[in-house]
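Structure file final-v6.pdb (PDB, C-alpha atoms) is printed below.
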```
ATOM      1  CA  MET A   1       0.000   0.000   0.000  1.00  0.00           C
ATOM      2  CA  LYS A   2       1.053   3.574  -0.603  1.00  0.00           C
ATOM      3  CA  THR A   3      -0.103   7.007   0.538  1.00  0.00           C
ATOM      4  CA  GLY A   4      -3.241   8.181  -1.294  1.00  0.00           C
ATOM      5  CA  GLU A   5      -4.309   4.683  -2.340  1.00  0.00           C
ATOM      6  CA  VAL A   6      -7.976   3.740  -1.737  1.00  0.00           C
ATOM      7  CA  ILE A   7      -8.592   0.259  -0.318  1.00  0.00           C
ATOM      8  CA  LYS A   8     -11.531  -1.738   1.029  1.00  0.00           C
ATOM      9  CA  ASP A   9     -11.644  -2.504   4.755  1.00  0.00           C
ATOM     10  CA  LEU A  10     -14.070  -2.825   7.653  1.00  0.00           C
ATOM     11  CA  CYS A  11     -15.234   0.259   9.550  1.00  0.00           C
ATOM     12  CA  ASN A  12     -16.634  -0.084  13.077  1.00  0.00           C
ATOM     13  CA  SER A  13     -19.238   2.564  12.259  1.00  0.00           C
ATOM     14  CA  CYS A  14     -19.987   2.165   8.538  1.00  0.00           C
ATOM     15  CA  GLY A  15     -19.707  -1.624   8.267  1.00  0.00           C
ATOM     16  CA  PRO A  16     -17.723  -4.097   6.130  1.00  0.00           C
ATOM     17  CA  SER A  17     -16.017  -3.432   2.807  1.00  0.00           C
ATOM     18  CA  VAL A  18     -16.006   0.366   2.768  1.00  0.00           C
ATOM     19  CA  ASN A  19     -13.498   2.665   1.101  1.00  0.00           C
ATOM     20  CA  TYR A  20     -10.487   3.810   3.118  1.00  0.00           C
ATOM     21  CA  THR A  21      -7.796   6.236   2.011  1.00  0.00           C
ATOM     22  CA  VAL A  22      -4.222   5.391   2.979  1.00  0.00           C
ATOM     23  CA  LYS A  23      -2.875   8.463   4.785  1.00  0.00           C
ATOM     24  CA  ASN A  24       0.585   7.239   5.653  1.00  0.00           C
ATOM     25  CA  VAL A  25       2.682   4.061   5.706  1.00  0.00           C
ATOM     26  CA  LEU A  26       5.661   3.473   8.000  1.00  0.00           C
ATOM     27  CA  ARG A  27       7.845   0.378   7.583  1.00  0.00           C
ATOM     28  CA  ARG A  28      10.649  -1.032   9.691  1.00  0.00           C
ATOM     29  CA  THR A  29      12.829  -4.089   9.092  1.00  0.00           C
ATOM     30  CA  ASP A  30      15.825  -5.541  10.904  1.00  0.00           C
ATOM     31  CA  SER A  31      17.937  -8.693  10.941  1.00  0.00           C
ATOM     32  CA  GLU A  32      20.564 -10.463  12.991  1.00  0.00           C
ATOM     33  CA  VAL A  33      23.198 -13.089  12.210  1.00  0.00           C
ATOM     34  CA  PHE A  34      23.615 -15.836  14.791  1.00  0.00           C
ATOM     35  CA  GLU A  35      27.010 -17.503  15.319  1.00  0.00           C
ATOM     36  CA  GLY A  36      28.116 -16.156  11.974  1.00  0.00           C
ATOM     37  CA  GLN A  37      26.114 -18.843  10.188  1.00  0.00           C
ATOM     38  CA  PHE A  38      22.464 -18.004   9.751  1.00  0.00           C
ATOM     39  CA  GLU A  39      20.415 -14.851   9.574  1.00  0.00           C
ATOM     40  CA  VAL A  40      16.933 -14.137  10.888  1.00  0.00           C
ATOM     41  CA  SER A  41      14.916 -11.060   9.966  1.00  0.00           C
ATOM     42  CA  TRP A  42      11.706  -9.386  11.020  1.00  0.00           C
ATOM     43  CA  GLY A  43       9.656  -6.363  10.168  1.00  0.00           C
ATOM     44  CA  ASP A  44       6.644  -4.171  10.915  1.00  0.00           C
ATOM     45  CA  SER A  45       4.445  -1.885   8.888  1.00  0.00           C
ATOM     46  CA  TYR A  46       2.015   0.697  10.271  1.00  0.00           C
ATOM     47  CA  THR A  47      -0.623   1.979   7.858  1.00  0.00           C
ATOM     48  CA  VAL A  48      -2.783   4.967   8.811  1.00  0.00           C
ATOM     49  CA  LEU A  49      -6.237   4.595   7.247  1.00  0.00           C
ATOM     50  CA  GLN A  50      -9.159   7.050   7.128  1.00  0.00           C
ATOM     51  CA  CYS A  51     -12.702   5.940   6.333  1.00  0.00           C
ATOM     52  CA  ASN A  52     -14.147   7.796   3.359  1.00  0.00           C
ATOM     53  CA  GLY A  53     -17.606   7.565   4.922  1.00  0.00           C
ATOM     54  CA  CYS A  54     -17.343   8.701   8.557  1.00  0.00           C
ATOM     55  CA  ASP A  55     -13.712  10.001   8.528  1.00  0.00           C
ATOM     56  CA  ALA A  56     -12.748   7.648  11.382  1.00  0.00           C
ATOM     57  CA  VAL A  57      -9.009   6.914  11.558  1.00  0.00           C
ATOM     58  CA  LYS A  58      -7.403   3.586  12.434  1.00  0.00           C
ATOM     59  CA  ILE A  59      -3.958   2.022  12.234  1.00  0.00           C
ATOM     60  CA  LYS A  60      -3.292  -1.331  10.583  1.00  0.00           C
ATOM     61  CA  HIS A  61      -0.224  -3.033  12.016  1.00  0.00           C
ATOM     62  CA  ASN A  62       1.395  -5.925  10.140  1.00  0.00           C
ATOM     63  CA  ASP A  63       4.387  -7.820  11.510  1.00  0.00           C
ATOM     64  CA  TRP A  64       6.386 -10.832  10.317  1.00  0.00           C
ATOM     65  CA  PHE A  65       9.316 -12.983  11.393  1.00  0.00           C
ATOM     66  CA  SER A  66      11.462 -14.969   8.976  1.00  0.00           C
ATOM     67  CA  GLU A  67      11.312 -18.141  11.114  1.00  0.00           C
ATOM     68  CA  ASP A  68       7.488 -18.180  11.197  1.00  0.00           C
ATOM     69  CA  VAL A  69       6.514 -19.188   7.669  1.00  0.00           C
ATOM     70  CA  GLU A  70       3.665 -20.600   5.595  1.00  0.00           C
ATOM     71  CA  ALA A  71       3.854 -23.986   3.860  1.00  0.00           C
ATOM     72  CA  ASP A  72       5.231 -22.260   0.749  1.00  0.00           C
ATOM     73  CA  GLY A  73       8.017 -20.610   2.717  1.00  0.00           C
ATOM     74  CA  ARG A  74       6.553 -17.109   2.861  1.00  0.00           C
ATOM     75  CA  PRO A  75       6.546 -15.403   6.290  1.00  0.00           C
ATOM     76  CA  VAL A  76       3.287 -15.461   8.223  1.00  0.00           C
ATOM     77  CA  VAL A  77       1.913 -11.899   8.423  1.00  0.00           C
ATOM     78  CA  ASN A  78       0.093 -11.035  11.651  1.00  0.00           C
ATOM     79  CA  THR A  79      -2.393  -8.164  11.437  1.00  0.00           C
ATOM     80  CA  ARG A  80      -3.844  -6.049  14.244  1.00  0.00           C
ATOM     81  CA  TYR A  81      -5.949  -2.888  14.189  1.00  0.00           C
ATOM     82  CA  TYR A  82      -5.962   0.094  16.548  1.00  0.00           C
ATOM     83  CA  PRO A  83      -8.647   0.671  17.674  1.00  0.00           C
ATOM     84  CA  PRO A  84      -9.563  -3.039  17.386  1.00  0.00           C
ATOM     85  CA  THR A  85     -12.309  -4.181  15.057  1.00  0.00           C
ATOM     86  CA  ILE A  86     -15.619  -4.504  16.896  1.00  0.00           C
ATOM     87  CA  PHE A  87     -16.412  -8.193  17.334  1.00  0.00           C
ATOM     88  CA  ARG A  88     -19.979  -7.626  18.477  1.00  0.00           C
ATOM     89  CA  LYS A  89     -21.923  -4.373  18.396  1.00  0.00           C
ATOM     90  CA  GLN A  90     -23.949  -3.274  21.374  1.00  0.00           C
ATOM     91  CA  PRO A  91     -27.707  -3.824  20.910  1.00  0.00           C
ATOM     92  CA  THR A  92     -29.705  -0.800  19.751  1.00  0.00           C
ATOM     93  CA  TRP A  93     -31.508  -0.575  23.103  1.00  0.00           C
ATOM     94  CA  PHE A  94     -28.249  -0.393  25.058  1.00  0.00           C
ATOM     95  CA  ARG A  95     -28.213   3.402  24.898  1.00  0.00           C
ATOM     96  CA  GLU A  96     -31.474   3.446  26.891  1.00  0.00           C
ATOM     97  CA  LEU A  97     -29.702   2.114  29.995  1.00  0.00           C
ATOM     98  CA  ASP A  98     -28.374   4.468  32.659  1.00  0.00           C
ATOM     99  CA  THR A  99     -24.710   5.015  31.786  1.00  0.00           C
ATOM    100  CA  GLU A 100     -23.783   5.202  35.493  1.00  0.00           C
ATOM    101  CA  TRP A 101     -25.577   1.963  36.380  1.00  0.00           C
ATOM    102  CA  HIS A 102     -23.120  -0.720  37.515  1.00  0.00           C
ATOM    103  CA  ILE A 103     -24.664  -3.329  35.196  1.00  0.00           C
ATOM    104  CA  THR A 104     -24.277  -0.982  32.197  1.00  0.00           C
ATOM    105  CA  LYS A 105     -20.618  -0.501  33.093  1.00  0.00           C
ATOM    106  CA  LEU A 106     -20.078  -4.258  33.405  1.00  0.00           C
ATOM    107  CA  MET A 107     -21.684  -4.855  30.008  1.00  0.00           C
ATOM    108  CA  LYS A 108     -19.411  -2.255  28.393  1.00  0.00           C
ATOM    109  CA  GLU A 109     -16.400  -4.043  29.846  1.00  0.00           C
ATOM    110  CA  VAL A 110     -17.606  -7.365  28.406  1.00  0.00           C
ATOM    111  CA  TYR A 111     -18.003  -5.840  24.919  1.00  0.00           C
ATOM    112  CA  SER A 112     -14.509  -4.346  25.250  1.00  0.00           C
ATOM    113  CA  ALA A 113     -13.050  -7.716  26.322  1.00  0.00           C
ATOM    114  CA  LEU A 114     -14.570  -9.405  23.277  1.00  0.00           C
ATOM    115  CA  GLN A 115     -13.293  -6.656  20.985  1.00  0.00           C
ATOM    116  CA  ASN A 116      -9.780  -7.118  22.361  1.00  0.00           C
ATOM    117  CA  ASP A 117      -9.818 -10.933  22.058  1.00  0.00           C
ATOM    118  CA  CYS A 118     -10.113 -11.661  25.800  1.00  0.00           C
ATOM    119  CA  PRO A 119     -12.787 -14.405  25.905  1.00  0.00           C
ATOM    120  CA  SER A 120     -11.985 -15.557  29.454  1.00  0.00           C
ATOM    121  CA  LEU A 121     -12.421 -12.036  30.812  1.00  0.00           C
ATOM    122  CA  ALA A 122     -15.659 -11.706  28.834  1.00  0.00           C
ATOM    123  CA  ALA A 123     -17.002 -14.966  30.299  1.00  0.00           C
ATOM    124  CA  MET A 124     -16.109 -13.832  33.816  1.00  0.00           C
ATOM    125  CA  GLY A 125     -17.790 -10.497  33.112  1.00  0.00           C
ATOM    126  CA  VAL A 126     -20.986 -12.194  31.939  1.00  0.00           C
ATOM    127  CA  ARG A 127     -21.064 -14.202  35.170  1.00  0.00           C
ATOM    128  CA  ALA A 128     -20.620 -10.977  37.176  1.00  0.00           C
ATOM    129  CA  ILE A 129     -23.472  -9.297  35.265  1.00  0.00           C
ATOM    130  CA  LEU A 130     -25.855 -12.209  35.852  1.00  0.00           C
ATOM    131  CA  GLU A 131     -25.023 -12.333  39.546  1.00  0.00           C
ATOM    132  CA  ALA A 132     -25.520  -8.547  39.831  1.00  0.00           C
ATOM    133  CA  ILE A 133     -28.938  -8.854  38.157  1.00  0.00           C
ATOM    134  CA  MET A 134     -30.021 -11.625  40.523  1.00  0.00           C
ATOM    135  CA  ILE A 135     -28.941  -9.692  43.618  1.00  0.00           C
ATOM    136  CA  ASP A 136     -30.638  -6.561  42.284  1.00  0.00           C
ATOM    137  CA  LYS A 137     -33.941  -8.420  41.884  1.00  0.00           C
ATOM    138  CA  ILE A 138     -34.048 -10.907  44.778  1.00  0.00           C
ATOM    139  CA  GLY A 139     -31.282  -9.746  47.145  1.00  0.00           C
ATOM    140  CA  ASP A 140     -28.242 -11.755  48.132  1.00  0.00           C
ATOM    141  CA  GLN A 141     -29.368 -15.161  49.368  1.00  0.00           C
ATOM    142  CA  GLY A 142     -25.894 -16.095  50.605  1.00  0.00           C
ATOM    143  CA  SER A 143     -24.637 -18.271  47.766  1.00  0.00           C
ATOM    144  CA  PHE A 144     -24.662 -18.375  43.999  1.00  0.00           C
ATOM    145  CA  THR A 145     -26.819 -21.514  43.941  1.00  0.00           C
ATOM    146  CA  LYS A 146     -29.402 -19.991  46.305  1.00  0.00           C
ATOM    147  CA  ASN A 147     -29.494 -16.776  44.298  1.00  0.00           C
ATOM    148  CA  LEU A 148     -30.145 -18.714  41.104  1.00  0.00           C
ATOM    149  CA  LYS A 149     -32.917 -20.792  42.652  1.00  0.00           C
ATOM    150  CA  ALA A 150     -34.612 -17.746  44.202  1.00  0.00           C
ATOM    151  CA  PHE A 151     -34.395 -15.987  40.851  1.00  0.00           C
ATOM    152  CA  GLU A 152     -36.500 -18.762  39.336  1.00  0.00           C
ATOM    153  CA  ILE A 153     -38.922 -19.070  42.279  1.00  0.00           C
ATOM    154  CA  GLU A 154     -39.661 -15.337  42.157  1.00  0.00           C
ATOM    155  CA  GLY A 155     -40.646 -15.739  38.489  1.00  0.00           C
ATOM    156  CA  TYR A 156     -37.879 -13.714  36.851  1.00  0.00           C
ATOM    157  CA  ILE A 157     -36.962 -16.689  34.656  1.00  0.00           C
ATOM    158  CA  SER A 158     -38.715 -19.912  33.614  1.00  0.00           C
ATOM    159  CA  LYS A 159     -37.440 -23.426  34.314  1.00  0.00           C
ATOM    160  CA  ILE A 160     -36.244 -23.693  30.710  1.00  0.00           C
ATOM    161  CA  GLN A 161     -34.419 -20.377  31.010  1.00  0.00           C
ATOM    162  CA  LEU A 162     -32.883 -21.583  34.275  1.00  0.00           C
ATOM    163  CA  GLU A 163     -31.302 -24.553  32.495  1.00  0.00           C
ATOM    164  CA  ILE A 164     -29.879 -22.272  29.796  1.00  0.00           C
ATOM    165  CA  LEU A 165     -28.733 -19.716  32.360  1.00  0.00           C
ATOM    166  CA  ASP A 166     -26.941 -22.419  34.337  1.00  0.00           C
ATOM    167  CA  LYS A 167     -24.924 -23.351  31.210  1.00  0.00           C
ATOM    168  CA  ALA A 168     -24.001 -19.714  30.576  1.00  0.00           C
ATOM    169  CA  LEU A 169     -22.877 -19.296  34.178  1.00  0.00           C
ATOM    170  CA  GLU A 170     -20.767 -22.446  33.948  1.00  0.00           C
ATOM    171  CA  LEU A 171     -18.575 -20.738  31.334  1.00  0.00           C
ATOM    172  CA  GLY A 172     -17.729 -18.050  33.869  1.00  0.00           C
ATOM    173  CA  HIS A 173     -17.214 -20.559  36.669  1.00  0.00           C
ATOM    174  CA  ALA A 174     -14.846 -22.631  34.505  1.00  0.00           C
ATOM    175  CA  SER A 175     -12.888 -19.534  33.414  1.00  0.00           C
ATOM    176  CA  ILE A 176     -12.442 -18.365  37.015  1.00  0.00           C
ATOM    177  CA  HIS A 177     -11.827 -21.633  38.826  1.00  0.00           C
ATOM    178  CA  ARG A 178     -10.554 -24.131  36.258  1.00  0.00           C
ATOM    179  CA  GLY A 179      -8.463 -22.104  33.821  1.00  0.00           C
ATOM    180  CA  PHE A 180     -10.885 -22.724  30.948  1.00  0.00           C
ATOM    181  CA  VAL A 181     -10.575 -20.453  27.896  1.00  0.00           C
ATOM    182  CA  PRO A 182     -13.911 -20.342  26.005  1.00  0.00           C
ATOM    183  CA  ASN A 183     -14.113 -19.691  22.291  1.00  0.00           C
ATOM    184  CA  ASN A 184     -15.937 -16.673  20.906  1.00  0.00           C
ATOM    185  CA  GLY A 185     -19.008 -18.737  20.037  1.00  0.00           C
ATOM    186  CA  GLN A 186     -19.395 -19.868  23.649  1.00  0.00           C
ATOM    187  CA  VAL A 187     -19.064 -16.314  24.959  1.00  0.00           C
ATOM    188  CA  VAL A 188     -21.571 -15.043  22.377  1.00  0.00           C
ATOM    189  CA  PHE A 189     -24.067 -17.681  23.561  1.00  0.00           C
ATOM    190  CA  SER A 190     -23.795 -16.476  27.162  1.00  0.00           C
ATOM    191  CA  LEU A 191     -23.892 -12.823  26.101  1.00  0.00           C
ATOM    192  CA  ASP A 192     -27.020 -13.454  23.993  1.00  0.00           C
ATOM    193  CA  LEU A 193     -28.761 -14.746  27.109  1.00  0.00           C
ATOM    194  CA  THR A 194     -27.487 -11.882  29.261  1.00  0.00           C
ATOM    195  CA  GLU A 195     -28.716  -9.245  26.798  1.00  0.00           C
ATOM    196  CA  THR A 196     -32.120 -10.972  26.646  1.00  0.00           C
ATOM    197  CA  ILE A 197     -32.451 -10.935  30.447  1.00  0.00           C
ATOM    198  CA  VAL A 198     -31.377  -7.286  30.766  1.00  0.00           C
ATOM    199  CA  HIS A 199     -33.739  -6.197  27.999  1.00  0.00           C
ATOM    200  CA  HIS A 200     -36.628  -8.242  29.413  1.00  0.00           C
ATOM    201  CA  LEU A 201     -36.254  -7.244  33.066  1.00  0.00           C
ATOM    202  CA  TYR A 202     -35.244  -3.600  32.754  1.00  0.00           C
ATOM    203  CA  LEU A 203     -36.605  -2.220  29.472  1.00  0.00           C
ATOM    204  CA  LEU A 204     -39.303  -4.396  27.908  1.00  0.00           C
ATOM    205  CA  LYS A 205     -41.922  -3.893  30.640  1.00  0.00           C
ATOM    206  CA  GLU A 206     -41.817  -0.113  30.283  1.00  0.00           C
ATOM    207  CA  SER A 207     -41.785  -0.378  26.477  1.00  0.00           C
ATOM    208  CA  ALA A 208     -44.852  -2.630  26.581  1.00  0.00           C
ATOM    209  CA  SER A 209     -46.719  -0.148  28.780  1.00  0.00           C
ATOM    210  CA  LEU A 210     -45.965   2.691  26.368  1.00  0.00           C
ATOM    211  CA  ALA A 211     -46.951   0.563  23.379  1.00  0.00           C
ATOM    212  CA  VAL A 212     -50.495  -0.127  24.689  1.00  0.00           C
ATOM    213  CA  LYS A 213     -51.260   3.086  26.587  1.00  0.00           C
ATOM    214  CA  ASP A 214     -53.526   4.451  23.827  1.00  0.00           C
ATOM    215  CA  ILE A 215     -55.422   1.202  23.233  1.00  0.00           C
ATOM    216  CA  PRO A 216     -59.053   1.580  24.468  1.00  0.00           C
ATOM    217  CA  PRO A 217     -60.095  -0.924  27.156  1.00  0.00           C
ATOM    218  CA  ARG A 218     -62.292  -3.894  26.269  1.00  0.00           C
ATOM    219  CA  GLY A 219     -66.031  -3.327  26.347  1.00  0.00           C
ATOM    220  CA  LYS A 220     -65.871   0.243  25.101  1.00  0.00           C
ATOM    221  CA  SER A 221     -66.604   1.364  21.561  1.00  0.00           C
ATOM    222  CA  ASN A 222     -64.472   3.776  19.620  1.00  0.00           C
ATOM    223  CA  ALA A 223     -67.577   5.242  18.004  1.00  0.00           C
TER     224      ALA A 223
END
```
Would you mind writing the file's structure down as structure tokens?
Amino acid sequence: MKTGEVIKDLCNSCGPSVNYTVKNVLRRTDSEVFEGQFEVSWGDSYTVLQCNGCDAVKIKHNDWFSEDVEADGRPVVNTRYYPPTIFRKQPTWFRELDTEWHITKLMKEVYSALQNDCPSLAAMGVRAILEAIMIDKIGDQGSFTKNLKAFEIEGYISKIQLEILDKALELGHASIHRGFVPNNGQVVFSLDLTETIVHHLYLLKESASLAVKDIPPRGKSNA
């Protein structure tokens, strides 16, 4: 790539395959000879890109090492972006939550962990969010198991949801206590459930009330 060139890349705001203009390219290479017999080399390139849609700027960093090669002998090129590419966008209703609410802050940290390829931290964060929701609704019953059971008994979740919730929580338990590193698909599953619970318990009830407030009661005519 060279300065002024237009390329296709993903924009966190505009979406995939949008036009970017290359604003600058910086390259660095180096090498070293070991024991006077063999040479290894490495290099970096930093490309400053600006989105032609929203004007957002990001840096694409490529690096390679001569001893890390593909099957055909070419060096493996590792690519990172700053800021990182968004792995999962926040739901559209997220902006309706109180920005100072502790659960909102926890959810932001989970999205950030996913964006920065930290699935274990994301799984732990999901567990923390779910526990915070349970305590907010039914108080602290003294243990995680008791909180979960009381959450169901009080009607905040169904028996089927309880079984799913238990699986999502297990990801966090395993990450904290057993050194388990979940894949992105597993974290997305638990985050899907968490978003559903937050939306259902904190936003949907009010939205439903607003949606039906102008509907005339049964037994009365509109005439």
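Note that CA of Leu165 in chain A and CA of Gly139 in chain A are 18.0 Å apart.
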Would you kindly translate the PyMOL selection byres ((chain A and resi 133) around 10) into the concrete residues it picks from this file, as a PyMOL selection string? chain A and resi 103+127-132+134-139+151+194+197-198+201-202
Output the residue selection produced by the PyMOL selection byres ((chain A and resi 44-51) around 8) on the file above, formatted as a CSV table (one decimal) with C-alpha atoms, in the frame of the given file.
```csv
chain,number,residue,atom,x,y,z
A,11,CYS,CA,-15.2,0.3,9.6
A,18,VAL,CA,-16.0,0.4,2.8
A,19,ASN,CA,-13.5,2.7,1.1
A,20,TYR,CA,-10.5,3.8,3.1
A,21,THR,CA,-7.8,6.2,2.0
A,22,VAL,CA,-4.2,5.4,3.0
A,23,LYS,CA,-2.9,8.5,4.8
A,24,ASN,CA,0.6,7.2,5.7
A,25,VAL,CA,2.7,4.1,5.7
A,26,LEU,CA,5.7,3.5,8.0
A,27,ARG,CA,7.8,0.4,7.6
A,28,ARG,CA,10.6,-1.0,9.7
A,29,THR,CA,12.8,-4.1,9.1
A,42,TRP,CA,11.7,-9.4,11.0
A,43,GLY,CA,9.7,-6.4,10.2
A,52,ASN,CA,-14.1,7.8,3.4
A,53,GLY,CA,-17.6,7.6,4.9
A,54,CYS,CA,-17.3,8.7,8.6
A,55,ASP,CA,-13.7,10.0,8.5
A,56,ALA,CA,-12.7,7.6,11.4
A,57,VAL,CA,-9.0,6.9,11.6
A,58,LYS,CA,-7.4,3.6,12.4
A,59,ILE,CA,-4.0,2.0,12.2
A,60,LYS,CA,-3.3,-1.3,10.6
A,61,HIS,CA,-0.2,-3.0,12.0
A,62,ASN,CA,1.4,-5.9,10.1
A,63,ASP,CA,4.4,-7.8,11.5
A,64,TRP,CA,6.4,-10.8,10.3
```
Expected selection from the PyMOL selection byres ((chain A and resi 121) around 10), given as a ChimeraX atom specification: /A:109-110,112-114,117-120,122-127,172,175-176,181-182,187
_Contacts of Gln161 in chain A within 9 Å, all atoms listed in the file, excl. fewer than 4 positions in-chain, as number ranges by chain_ = A: 152, 157, 165-166, 193
What separates CA of Phe94 in chain A and CA of His199 in chain A is a distance of 8.5 Å
Fewer than 3 positions away in the same chain doesn't count, so skip those; otherwise give me all residues within 12 Å of Arg95 in chain A, counting all atoms listed in the file, as a PDB file with C-alpha atoms, in the coordinates of the input.
```pdb
ATOM      1  CA  LYS A  89     -21.923  -4.373  18.396  1.00  0.00           C
ATOM      2  CA  GLN A  90     -23.949  -3.274  21.374  1.00  0.00           C
ATOM      3  CA  PRO A  91     -27.707  -3.824  20.910  1.00  0.00           C
ATOM      4  CA  THR A  92     -29.705  -0.800  19.751  1.00  0.00           C
ATOM      5  CA  ASP A  98     -28.374   4.468  32.659  1.00  0.00           C
ATOM      6  CA  THR A  99     -24.710   5.015  31.786  1.00  0.00           C
ATOM      7  CA  GLU A 100     -23.783   5.202  35.493  1.00  0.00           C
ATOM      8  CA  TRP A 101     -25.577   1.963  36.380  1.00  0.00           C
ATOM      9  CA  THR A 104     -24.277  -0.982  32.197  1.00  0.00           C
ATOM     10  CA  LYS A 105     -20.618  -0.501  33.093  1.00  0.00           C
ATOM     11  CA  MET A 107     -21.684  -4.855  30.008  1.00  0.00           C
ATOM     12  CA  LYS A 108     -19.411  -2.255  28.393  1.00  0.00           C
ATOM     13  CA  HIS A 199     -33.739  -6.197  27.999  1.00  0.00           C
ATOM     14  CA  LEU A 203     -36.605  -2.220  29.472  1.00  0.00           C
TER      15      LEU A 203
END
```
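If you look at CA of Leu10 in chain A and CA of Leu106 in chain A, they are 26.5 Å away from each other.
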Mind giving me the axis-aligned box for range 124-136 of chain A with 5 Å on every side, centre plus edges in Å to one decimal, as AutoDock Vina command-line options?
```
--center_x -23.4 --center_y -10.4 --center_z 37.8 --size_x 24.5 --size_y 17.6 --size_z 21.7
```
Counting all atoms listed in the file, closest pick from A:His177, A:Arg80, A:His200, A:Arg88 relative to Asn12 in chain A is A:Arg88
